[in-house]
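Everything on this sheet refers to the single structure shown next.
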Amino acid sequence: MRLSCKVLAGDGMILGSALGEDEVYLVYQGEFQEGSQIVVEGEKNSFVVLQLDDVLGEELVFLKEGSLNFQIPFGEKRVCYSPRSFIGERHLITVRKARAEEINSYRNLARNRYDQHKDTGCFPHATANVETRGEAVFAARNAIDGWKANDYHGEWPYGSWGINRNPDAVICVNFGREILADKLVIYLRADFPHDSWWKEITIQFSDGTTITCQLEKTGKGQEICFEKKRIEWVQLEKLIKADDPSPFPALTQIEVYGVEG
């Protein structure tokens, strides 16, 4: 697989680039500026392992359209990333073709530390119909970034999906292709007593089936197992808040376990 990666300035000027066969490395010498992007190009419907920042590390993702435009976070959007990420004057960016054993292993298929608010063509991708005040620390992408610290709320590593007290809130994780899943693990935000929690949620799958399950007041991962389902997306909806004085239930992480479909 032919791969390329580039660093672009805000005006589209190419600041650094590299090409490779099945694997490519780019060492970019310079500070990122607001508007900078990292562009990765490969093949449509391909699995690659990205490292866009050495602090965030590698992530196995699916490039449905064969490319990814990653906007370097600045300002308010930076606060849900490690303060050590995307800074300094030397950056190692790597992309490689994913190995068969990596692709076919039983794993959490929902995690993507490089997910962004907009649809970048890189999956998995999280979306929601509401995010508290539109703030990055409460964006849907936080629920699939792999960070599970949930005894507080706010800046990294405490990002979460916040629903702005909306009882009709819905979050969806799209995989960009069919997978075979048999387990979810839900991490509620557990900054008690600031937080409340959902005592019941409904899980809707792209195959048309639903599961309604009870949750507990805990910061521990809560497993929901089911018969294998061939799905393209999973959605949490009908979130019923517990009878608790706090009006702030939130989701820290959703994991979806299975194999490629």
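In the structure tokens, the first chain shown is A, the next is B, and so on; residue numbers restart at 1 for each chain, and ligands run from 1 in the order shown.
Neighbours of Gly134 in chain A closer than or equal to 10 Å, with only C-alpha atoms counted and sequence neighbours fewer than 4 positions away skipped, come out as Val130, Phe138, Ala139, Gly162, Ile163 and Asn164 of chain A.
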Could those residues be written to a file, using N, CA and C atoms, as a short mmCIF file (atom, residue, chain, number, x, y, z; two decimals), in the first residue's frame?
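result_24.cif, freshly written:
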data_model
loop_
_atom_site.label_atom_id
_atom_site.label_comp_id
_atom_site.auth_asym_id
_atom_site.auth_seq_id
_atom_site.Cartn_x
_atom_site.Cartn_y
_atom_site.Cartn_z
N VAL A 130 -26.34 16.49 20.90
CA VAL A 130 -26.13 17.60 21.83
C VAL A 130 -24.79 17.40 22.53
N PHE A 138 -16.73 18.48 26.51
CA PHE A 138 -17.96 17.70 26.59
C PHE A 138 -18.36 17.13 25.23
N ALA A 139 -17.43 17.05 24.30
CA ALA A 139 -17.72 16.59 22.95
C ALA A 139 -17.85 15.07 22.89
N GLY A 162 -20.98 15.38 27.48
CA GLY A 162 -21.99 16.02 28.31
C GLY A 162 -23.24 16.31 27.51
N ILE A 163 -24.40 16.18 28.15
CA ILE A 163 -25.67 16.23 27.41
C ILE A 163 -26.46 17.52 27.64
N ASN A 164 -25.89 18.47 28.38
CA ASN A 164 -26.56 19.76 28.59
C ASN A 164 -27.97 19.58 29.15
#
* From A:Val137, A:Ala242, A:Leu8, A:Cys172, residue lying nearest Tyr81 in chain A [only C-alpha atoms] -> A:Val137
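By only C-alpha atoms, and with residues fewer than 6 positions from range 112-114 of chain A along its chain excluded, the set lying at most 9 Å from it is Leu50, Gln51, Leu52, Leu56, Gly57, Glu58, Glu59, Leu60, Val61, Phe70, Cys122, Phe123, Pro124, His125, Arg141, Asn142, Ile144, Asp145, Gly146 and Trp147 of chain A.
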Residues of range 3-109 of chain A in strand (DSSP E or B), written as a CSV table (one decimal) with N, CA and C atoms, in the first residue's frame:
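Once written, out_4.csv looks like this:
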chain,number,residue,atom,x,y,z
A,3,LEU,N,1.6,4.9,0.9
A,3,LEU,CA,1.2,5.8,1.9
A,3,LEU,C,1.9,7.2,1.8
A,4,SER,N,1.2,8.2,2.2
A,4,SER,CA,1.9,9.5,2.3
A,4,SER,C,1.4,10.3,3.5
A,5,CYS,N,2.2,11.2,4.1
A,5,CYS,CA,1.8,12.1,5.1
A,5,CYS,C,2.4,13.4,4.8
A,6,LYS,N,1.6,14.5,5.2
A,6,LYS,CA,2.1,15.8,4.9
A,6,LYS,C,1.7,16.7,6.1
A,7,VAL,N,2.4,17.7,6.3
A,7,VAL,CA,2.0,18.8,7.3
A,7,VAL,C,1.7,20.0,6.4
A,8,LEU,N,0.6,20.6,6.6
A,8,LEU,CA,0.1,21.8,5.8
A,8,LEU,C,0.0,23.0,6.7
A,14,ILE,N,2.5,23.2,1.8
A,14,ILE,CA,3.1,22.0,2.3
A,14,ILE,C,4.4,22.4,3.0
A,15,LEU,N,4.4,22.0,4.3
A,15,LEU,CA,5.6,22.3,5.2
A,15,LEU,C,6.5,21.1,5.3
A,16,GLY,N,6.0,20.0,5.1
A,16,GLY,CA,6.8,18.7,5.2
A,16,GLY,C,6.0,17.6,4.6
A,17,SER,N,6.7,16.6,4.0
A,17,SER,CA,5.9,15.5,3.4
A,17,SER,C,6.9,14.3,3.3
A,18,ALA,N,6.2,13.1,3.2
A,18,ALA,CA,7.0,11.9,3.1
A,18,ALA,C,6.1,10.8,2.4
A,19,LEU,N,6.8,10.0,1.6
A,19,LEU,CA,6.1,8.9,0.9
A,19,LEU,C,6.7,7.5,1.3
A,20,GLY,N,5.9,6.5,1.3
A,20,GLY,CA,6.4,5.2,1.6
A,20,GLY,C,5.6,4.1,1.1
A,21,GLU,N,6.1,2.9,1.1
A,21,GLU,CA,5.4,1.7,0.7
A,21,GLU,C,5.1,0.9,2.0
A,23,GLU,N,4.7,1.7,4.8
A,23,GLU,CA,5.1,2.4,6.1
A,23,GLU,C,5.7,3.7,5.7
A,24,VAL,N,5.4,4.7,6.5
A,24,VAL,CA,6.0,6.0,6.2
A,24,VAL,C,6.3,6.8,7.5
A,25,TYR,N,7.4,7.5,7.5
A,25,TYR,CA,7.7,8.3,8.7
A,25,TYR,C,8.0,9.8,8.2
A,26,LEU,N,7.5,10.7,9.0
A,26,LEU,CA,7.8,12.1,8.7
A,26,LEU,C,8.2,12.8,10.0
A,27,VAL,N,9.4,13.3,10.0
A,27,VAL,CA,9.9,14.1,11.1
A,27,VAL,C,9.8,15.6,10.7
A,28,TYR,N,8.8,16.2,11.3
A,28,TYR,CA,8.6,17.6,11.0
A,28,TYR,C,9.3,18.5,12.0
A,29,GLN,N,10.2,19.4,11.5
A,29,GLN,CA,10.9,20.3,12.3
A,29,GLN,C,10.3,21.7,12.2
A,37,GLN,N,-2.4,21.4,9.6
A,37,GLN,CA,-3.1,20.1,9.4
A,37,GLN,C,-2.1,19.1,9.2
A,38,ILE,N,-2.4,17.8,9.6
A,38,ILE,CA,-1.7,16.7,9.1
A,38,ILE,C,-2.6,15.9,8.2
A,39,VAL,N,-2.1,15.6,7.0
A,39,VAL,CA,-2.9,14.9,6.0
A,39,VAL,C,-2.2,13.5,5.7
A,40,VAL,N,-3.0,12.5,5.8
A,40,VAL,CA,-2.6,11.1,5.6
A,40,VAL,C,-3.4,10.6,4.4
A,41,GLU,N,-2.7,10.0,3.5
A,41,GLU,CA,-3.3,9.4,2.3
A,41,GLU,C,-2.9,8.0,2.1
A,46,SER,N,-9.1,0.9,3.9
A,46,SER,CA,-7.9,0.3,4.4
A,46,SER,C,-7.7,0.6,5.9
A,47,PHE,N,-7.0,-0.4,6.5
A,47,PHE,CA,-6.7,-0.3,7.9
A,47,PHE,C,-5.2,0.2,8.0
A,48,VAL,N,-5.0,1.3,8.8
A,48,VAL,CA,-3.7,1.8,9.0
A,48,VAL,C,-3.5,2.0,10.5
A,49,VAL,N,-2.2,2.0,10.9
A,49,VAL,CA,-1.9,2.4,12.3
A,49,VAL,C,-1.2,3.8,12.2
A,50,LEU,N,-1.9,4.8,12.9
A,50,LEU,CA,-1.4,6.1,12.8
A,50,LEU,C,-0.7,6.5,14.1
A,51,GLN,N,0.3,7.4,14.0
A,51,GLN,CA,0.8,8.1,15.1
A,51,GLN,C,1.0,9.5,14.7
A,59,GLU,N,-2.6,4.4,16.9
A,59,GLU,CA,-4.0,4.0,16.9
A,59,GLU,C,-4.4,3.3,15.6
A,60,LEU,N,-5.0,2.2,15.7
A,60,LEU,CA,-5.5,1.4,14.5
A,60,LEU,C,-6.8,2.0,14.0
A,61,VAL,N,-6.9,2.5,12.8
A,61,VAL,CA,-8.1,3.1,12.3
A,61,VAL,C,-8.4,2.6,10.9
A,62,PHE,N,-9.7,2.9,10.5
A,62,PHE,CA,-10.2,2.5,9.2
A,62,PHE,C,-10.3,3.8,8.3
A,63,LEU,N,-9.7,3.8,7.2
A,63,LEU,CA,-9.8,5.0,6.3
A,63,LEU,C,-10.8,4.6,5.2
A,67,SER,N,-8.2,8.6,3.1
A,67,SER,CA,-7.4,9.8,3.5
A,67,SER,C,-8.0,10.4,4.8
A,68,LEU,N,-7.1,11.2,5.5
A,68,LEU,CA,-7.5,11.8,6.7
A,68,LEU,C,-6.9,13.2,6.8
A,69,ASN,N,-7.7,14.2,7.1
A,69,ASN,CA,-7.2,15.6,7.3
A,69,ASN,C,-7.4,15.9,8.8
A,70,PHE,N,-6.3,15.9,9.5
A,70,PHE,CA,-6.4,16.1,11.0
A,70,PHE,C,-6.0,17.5,11.3
A,71,GLN,N,-6.9,18.3,11.9
A,71,GLN,CA,-6.7,19.7,12.3
A,71,GLN,C,-6.0,19.7,13.6
A,90,ARG,N,9.9,19.6,17.2
A,90,ARG,CA,10.2,18.3,16.5
A,90,ARG,C,9.0,17.4,16.7
A,91,HIS,N,8.5,16.8,15.6
A,91,HIS,CA,7.3,16.0,15.7
A,91,HIS,C,7.5,14.7,14.8
A,92,LEU,N,7.3,13.6,15.4
A,92,LEU,CA,7.4,12.3,14.6
A,92,LEU,C,6.0,11.8,14.3
A,93,ILE,N,5.7,11.8,13.0
A,93,ILE,CA,4.4,11.3,12.4
A,93,ILE,C,4.7,10.0,11.7
A,94,THR,N,3.9,9.0,12.0
A,94,THR,CA,4.1,7.7,11.4
A,94,THR,C,2.8,7.1,10.9
A,95,VAL,N,2.8,6.4,9.8
A,95,VAL,CA,1.7,5.7,9.3
A,95,VAL,C,2.1,4.4,8.7
A,96,ARG,N,1.5,3.3,9.1
A,96,ARG,CA,1.8,2.0,8.5
A,96,ARG,C,0.6,1.2,8.2
A,97,LYS,N,0.7,0.3,7.3
A,97,LYS,CA,-0.3,-0.6,7.0
A,97,LYS,C,-0.5,-1.5,8.2
A,107,ARG,N,-10.9,-7.0,20.0
A,107,ARG,CA,-10.5,-5.8,20.6
A,107,ARG,C,-11.6,-4.8,20.7
A,108,ASN,N,-11.3,-3.7,21.4
A,108,ASN,CA,-12.2,-2.6,21.5
A,108,ASN,C,-12.2,-1.8,20.1
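When only C-alpha atoms are used to compute distances to Ala143 in chain A, the closest of the residues A:Glu255, A:Gly66, A:Val55, A:Ser246 turns out to be A:Glu255.
Using only C-alpha atoms, the shortest contact distance between Thr218 in chain A and any of A:Glu237, A:Asp191, A:Glu155, A:Glu101 is found at A:Asp191.
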* To do: Determine, counting only C-alpha atoms, which protein, DNA and RNA residues have an atom within 8 Å of an atom of Asp168 in chain A; residues of the same chain fewer than 2 positions away are not included. Present the result as a VMD selection string.
  => chain A and resid 166 170 237 to 239
* Pick out the residues sitting within 12 Å of Lys217 in chain A, and hand them over as a PyMOL selection string; count only C-alpha atoms, and ignore anything fewer than 2 positions along from it in its own chain. => chain A and resi 186-193+195-200+214-215+219-222+241-244+249-250
Selection above as a file: N, CA, C and O atoms, as a short mmCIF file (atom, residue, chain, number, x, y, z; two decimals), in the first residue's frame:
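Resulting contents of out07.cif:
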data_model
loop_
_atom_site.label_atom_id
_atom_site.label_comp_id
_atom_site.auth_asym_id
_atom_site.auth_seq_id
_atom_site.Cartn_x
_atom_site.Cartn_y
_atom_site.Cartn_z
N ILE A 186 -19.40 0.40 29.48
CA ILE A 186 -19.79 1.79 29.68
C ILE A 186 -19.10 2.33 30.93
O ILE A 186 -19.18 1.73 32.00
N TYR A 187 -18.41 3.47 30.79
CA TYR A 187 -17.82 4.17 31.93
C TYR A 187 -18.58 5.48 32.11
O TYR A 187 -18.44 6.42 31.32
N LEU A 188 -19.41 5.53 33.13
CA LEU A 188 -20.10 6.77 33.44
C LEU A 188 -19.12 7.77 34.07
O LEU A 188 -18.15 7.37 34.71
N ARG A 189 -19.39 9.06 33.86
CA ARG A 189 -18.60 10.04 34.61
C ARG A 189 -19.06 9.97 36.06
O ARG A 189 -20.27 9.95 36.33
N ALA A 190 -18.10 9.91 36.97
CA ALA A 190 -18.42 9.61 38.37
C ALA A 190 -17.85 10.66 39.31
O ALA A 190 -17.28 10.33 40.36
N ASP A 191 -18.02 11.92 38.95
CA ASP A 191 -17.59 13.02 39.80
C ASP A 191 -18.71 13.31 40.81
O ASP A 191 -19.30 14.39 40.83
N PHE A 192 -19.00 12.30 41.64
CA PHE A 192 -20.08 12.44 42.62
C PHE A 192 -19.59 13.31 43.80
O PHE A 192 -18.43 13.22 44.18
N PRO A 193 -20.44 14.19 44.38
CA PRO A 193 -21.87 14.38 44.10
C PRO A 193 -22.18 15.41 43.00
O PRO A 193 -23.34 15.71 42.78
N ASP A 195 -21.96 14.93 39.92
CA ASP A 195 -22.63 14.18 38.85
C ASP A 195 -23.80 13.37 39.36
O ASP A 195 -23.80 12.87 40.49
N SER A 196 -24.74 13.17 38.46
CA SER A 196 -25.76 12.16 38.61
C SER A 196 -25.34 10.97 37.73
O SER A 196 -24.19 10.90 37.28
N TRP A 197 -26.27 10.07 37.45
CA TRP A 197 -25.96 8.95 36.56
C TRP A 197 -27.26 8.48 35.89
O TRP A 197 -28.36 8.85 36.32
N TRP A 198 -27.11 7.70 34.83
CA TRP A 198 -28.27 7.11 34.18
C TRP A 198 -28.56 5.75 34.79
O TRP A 198 -27.69 4.88 34.81
N LYS A 199 -29.79 5.57 35.25
CA LYS A 199 -30.14 4.28 35.82
C LYS A 199 -30.54 3.28 34.74
O LYS A 199 -30.51 2.06 34.97
N GLU A 200 -30.91 3.82 33.56
CA GLU A 200 -31.32 2.94 32.46
C GLU A 200 -30.95 3.58 31.13
O GLU A 200 -31.08 4.80 30.96
N GLN A 214 -29.93 -1.77 32.74
CA GLN A 214 -29.83 -0.98 33.96
C GLN A 214 -28.36 -0.70 34.26
O GLN A 214 -27.50 -1.56 34.07
N LEU A 215 -28.10 0.51 34.73
CA LEU A 215 -26.75 0.88 35.14
C LEU A 215 -26.72 1.19 36.63
O LEU A 215 -27.75 1.48 37.24
N GLY A 219 -18.08 4.33 39.15
CA GLY A 219 -17.12 4.77 38.15
C GLY A 219 -16.45 3.61 37.42
O GLY A 219 -15.67 3.83 36.50
N LYS A 220 -16.77 2.39 37.84
CA LYS A 220 -16.18 1.21 37.21
C LYS A 220 -16.84 0.95 35.86
O LYS A 220 -17.98 1.33 35.62
N GLY A 221 -16.11 0.25 34.99
CA GLY A 221 -16.67 -0.15 33.71
C GLY A 221 -17.83 -1.12 33.92
O GLY A 221 -17.70 -2.07 34.70
N GLN A 222 -18.94 -0.88 33.23
CA GLN A 222 -20.11 -1.75 33.34
C GLN A 222 -20.31 -2.50 32.03
O GLN A 222 -20.56 -1.90 30.98
N LYS A 241 -32.29 9.32 33.72
CA LYS A 241 -31.48 9.77 34.85
C LYS A 241 -32.03 9.19 36.16
O LYS A 241 -33.24 9.05 36.36
N ALA A 242 -31.10 8.86 37.05
CA ALA A 242 -31.49 8.40 38.37
C ALA A 242 -32.13 9.55 39.16
O ALA A 242 -31.93 10.72 38.85
N ASP A 243 -32.90 9.18 40.18
CA ASP A 243 -33.51 10.18 41.06
C ASP A 243 -32.43 10.69 42.00
O ASP A 243 -32.22 10.16 43.10
N ASP A 244 -31.74 11.73 41.56
CA ASP A 244 -30.58 12.26 42.27
C ASP A 244 -30.61 13.77 42.16
O ASP A 244 -31.03 14.31 41.12
N PRO A 249 -25.73 13.98 34.55
CA PRO A 249 -25.17 12.70 34.14
C PRO A 249 -24.31 12.90 32.89
O PRO A 249 -24.58 13.79 32.08
N ALA A 250 -23.27 12.10 32.75
CA ALA A 250 -22.37 12.23 31.58
C ALA A 250 -21.67 10.91 31.35
O ALA A 250 -21.63 10.03 32.21
#
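All residues of range 72-245 of chain A that DSSP, run on the backbone, classes as helix (DSSP H, G or I) are Gly75, Glu76, Lys77, Arg78, Val79, Cys80, Ala100, Glu101, Glu102, Ile103, Thr132, Arg133, Gly134, Ala136, Val137, Phe138, Ala140, Arg141, Asn142, Ala143 and Ile144 of chain A.
Residue nearest Gln116 in chain A within the list A:Gly10, A:Gly30, A:Pro73, A:Gly261: A:Pro73 [criterion: smallest interatomic distance, only C-alpha atoms].
Residues with any atom within 9 Å of Phe74 in chain A, counting only C-alpha atoms and excluding same-chain neighbours fewer than 6 positions away, are Gln33, Glu34 and Gly35 of chain A.
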* Near Asp182 in chain A, within 10 Å and counting only C-alpha atoms, which residues show up once chain neighbours fewer than 2 positions away are dropped, as a PyMOL selection string? -> chain A and resi 179-180+184+224-230+256-259
For those residues, write all heavy atoms to a file as an mmCIF file, in the first residue's frame.
data_model
loop_
_atom_site.group_PDB
_atom_site.id
_atom_site.type_symbol
_atom_site.label_atom_id
_atom_site.label_comp_id
_atom_site.auth_asym_id
_atom_site.auth_seq_id
_atom_site.Cartn_x
_atom_site.Cartn_y
_atom_site.Cartn_z
ATOM 1 N N ILE A 179 -18.896 -4.693 11.492
ATOM 2 C CA ILE A 179 -18.101 -5.423 12.476
ATOM 3 C C ILE A 179 -19.000 -6.464 13.131
ATOM 4 O O ILE A 179 -20.227 -6.424 13.000
ATOM 5 C CB ILE A 179 -17.515 -4.496 13.546
ATOM 6 C CG1 ILE A 179 -18.656 -3.847 14.365
ATOM 7 C CG2 ILE A 179 -16.635 -3.416 12.916
ATOM 8 C CD1 ILE A 179 -18.193 -3.211 15.653
ATOM 9 N N LEU A 180 -18.398 -7.394 13.874
ATOM 10 C CA LEU A 180 -19.140 -8.359 14.671
ATOM 11 C C LEU A 180 -18.864 -8.048 16.137
ATOM 12 O O LEU A 180 -17.738 -8.268 16.619
ATOM 13 C CB LEU A 180 -18.713 -9.784 14.342
ATOM 14 C CG LEU A 180 -19.264 -10.396 13.059
ATOM 15 C CD1 LEU A 180 -18.579 -11.733 12.772
ATOM 16 C CD2 LEU A 180 -20.769 -10.599 13.162
ATOM 17 N N LEU A 184 -20.371 -4.393 25.120
ATOM 18 C CA LEU A 184 -20.097 -2.988 25.365
ATOM 19 C C LEU A 184 -19.614 -2.835 26.799
ATOM 20 O O LEU A 184 -20.032 -3.597 27.690
ATOM 21 C CB LEU A 184 -21.351 -2.129 25.189
ATOM 22 C CG LEU A 184 -21.645 -1.549 23.804
ATOM 23 C CD1 LEU A 184 -22.012 -2.643 22.829
ATOM 24 C CD2 LEU A 184 -22.760 -0.519 23.894
ATOM 25 N N ILE A 224 -21.876 -4.960 29.211
ATOM 26 C CA ILE A 224 -23.169 -5.359 28.644
ATOM 27 C C ILE A 224 -22.863 -6.357 27.535
ATOM 28 O O ILE A 224 -22.327 -5.995 26.479
ATOM 29 C CB ILE A 224 -23.926 -4.144 28.096
ATOM 30 C CG1 ILE A 224 -24.134 -3.106 29.207
ATOM 31 C CG2 ILE A 224 -25.250 -4.571 27.480
ATOM 32 C CD1 ILE A 224 -24.442 -1.726 28.704
ATOM 33 N N CYS A 225 -23.165 -7.620 27.774
ATOM 34 C CA CYS A 225 -22.856 -8.677 26.806
ATOM 35 C C CYS A 225 -24.129 -9.087 26.059
ATOM 36 O O CYS A 225 -25.231 -9.018 26.602
ATOM 37 C CB CYS A 225 -22.261 -9.889 27.524
ATOM 38 S SG CYS A 225 -20.690 -9.538 28.372
ATOM 39 N N PHE A 226 -23.956 -9.537 24.829
ATOM 40 C CA PHE A 226 -25.092 -9.919 23.986
ATOM 41 C C PHE A 226 -24.613 -10.879 22.907
ATOM 42 O O PHE A 226 -23.398 -11.032 22.691
ATOM 43 C CB PHE A 226 -25.753 -8.682 23.369
ATOM 44 C CG PHE A 226 -24.781 -7.679 22.802
ATOM 45 C CD1 PHE A 226 -24.320 -7.787 21.496
ATOM 46 C CD2 PHE A 226 -24.306 -6.635 23.589
ATOM 47 C CE1 PHE A 226 -23.421 -6.866 20.971
ATOM 48 C CE2 PHE A 226 -23.401 -5.711 23.075
ATOM 49 C CZ PHE A 226 -22.959 -5.824 21.767
ATOM 50 N N GLU A 227 -25.559 -11.519 22.238
ATOM 51 C CA GLU A 227 -25.214 -12.392 21.113
ATOM 52 C C GLU A 227 -24.541 -11.560 20.021
ATOM 53 O O GLU A 227 -24.872 -10.395 19.826
ATOM 54 C CB GLU A 227 -26.461 -13.068 20.552
ATOM 55 C CG GLU A 227 -27.108 -14.084 21.482
ATOM 56 C CD GLU A 227 -26.234 -15.300 21.703
ATOM 57 O OE1 GLU A 227 -25.579 -15.745 20.724
ATOM 58 O OE2 GLU A 227 -26.206 -15.802 22.842
ATOM 59 N N LYS A 228 -23.608 -12.152 19.304
ATOM 60 C CA LYS A 228 -22.885 -11.424 18.264
ATOM 61 C C LYS A 228 -23.833 -10.745 17.291
ATOM 62 O O LYS A 228 -24.807 -11.349 16.836
ATOM 63 C CB LYS A 228 -21.957 -12.363 17.487
ATOM 64 C CG LYS A 228 -20.633 -12.633 18.179
ATOM 65 C CD LYS A 228 -19.708 -13.434 17.290
ATOM 66 C CE LYS A 228 -18.382 -13.703 17.999
ATOM 67 N NZ LYS A 228 -17.475 -14.506 17.141
ATOM 68 N N LYS A 229 -23.518 -9.488 16.989
ATOM 69 C CA LYS A 229 -24.315 -8.720 16.053
ATOM 70 C C LYS A 229 -23.415 -8.146 14.965
ATOM 71 O O LYS A 229 -22.340 -7.634 15.271
ATOM 72 C CB LYS A 229 -25.027 -7.560 16.773
ATOM 73 C CG LYS A 229 -26.060 -7.998 17.800
ATOM 74 C CD LYS A 229 -26.678 -6.791 18.475
ATOM 75 C CE LYS A 229 -27.706 -7.187 19.514
ATOM 76 N NZ LYS A 229 -28.894 -7.825 18.894
ATOM 77 N N ARG A 230 -23.887 -8.249 13.734
ATOM 78 C CA ARG A 230 -23.171 -7.643 12.611
ATOM 79 C C ARG A 230 -23.715 -6.228 12.432
ATOM 80 O O ARG A 230 -24.861 -6.044 12.027
ATOM 81 C CB ARG A 230 -23.365 -8.473 11.341
ATOM 82 C CG ARG A 230 -22.479 -8.032 10.174
ATOM 83 C CD ARG A 230 -22.729 -8.920 8.959
ATOM 84 N NE ARG A 230 -22.402 -10.298 9.231
ATOM 85 C CZ ARG A 230 -21.178 -10.820 9.109
ATOM 86 N NH1 ARG A 230 -20.170 -10.049 8.718
ATOM 87 N NH2 ARG A 230 -20.971 -12.092 9.366
ATOM 88 N N VAL A 256 -16.575 -0.884 22.585
ATOM 89 C CA VAL A 256 -17.344 -1.878 21.833
ATOM 90 C C VAL A 256 -16.385 -2.986 21.416
ATOM 91 O O VAL A 256 -15.470 -2.756 20.617
ATOM 92 C CB VAL A 256 -18.023 -1.262 20.600
ATOM 93 C CG1 VAL A 256 -18.857 -2.302 19.871
ATOM 94 C CG2 VAL A 256 -18.887 -0.057 20.987
ATOM 95 N N TYR A 257 -16.597 -4.175 21.955
ATOM 96 C CA TYR A 257 -15.664 -5.284 21.709
ATOM 97 C C TYR A 257 -16.208 -6.249 20.667
ATOM 98 O O TYR A 257 -17.408 -6.563 20.642
ATOM 99 C CB TYR A 257 -15.395 -6.032 23.019
ATOM 100 C CG TYR A 257 -14.472 -5.252 23.931
ATOM 101 C CD1 TYR A 257 -14.984 -4.340 24.840
ATOM 102 C CD2 TYR A 257 -13.088 -5.407 23.842
ATOM 103 C CE1 TYR A 257 -14.153 -3.594 25.650
ATOM 104 C CE2 TYR A 257 -12.249 -4.686 24.666
ATOM 105 C CZ TYR A 257 -12.774 -3.777 25.567
ATOM 106 O OH TYR A 257 -11.950 -3.049 26.364
ATOM 107 N N GLY A 258 -15.293 -6.698 19.806
ATOM 108 C CA GLY A 258 -15.659 -7.655 18.782
ATOM 109 C C GLY A 258 -14.528 -7.864 17.790
ATOM 110 O O GLY A 258 -13.355 -7.584 18.089
ATOM 111 N N VAL A 259 -14.890 -8.326 16.609
ATOM 112 C CA VAL A 259 -13.924 -8.597 15.545
ATOM 113 C C VAL A 259 -14.448 -8.001 14.245
ATOM 114 O O VAL A 259 -15.616 -7.609 14.151
ATOM 115 C CB VAL A 259 -13.667 -10.110 15.378
ATOM 116 C CG1 VAL A 259 -13.029 -10.708 16.610
ATOM 117 C CG2 VAL A 259 -14.966 -10.830 15.028
#
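You will find CA of Met1 in chain A at 21.9 Å from CA of Glu178 in chain A.
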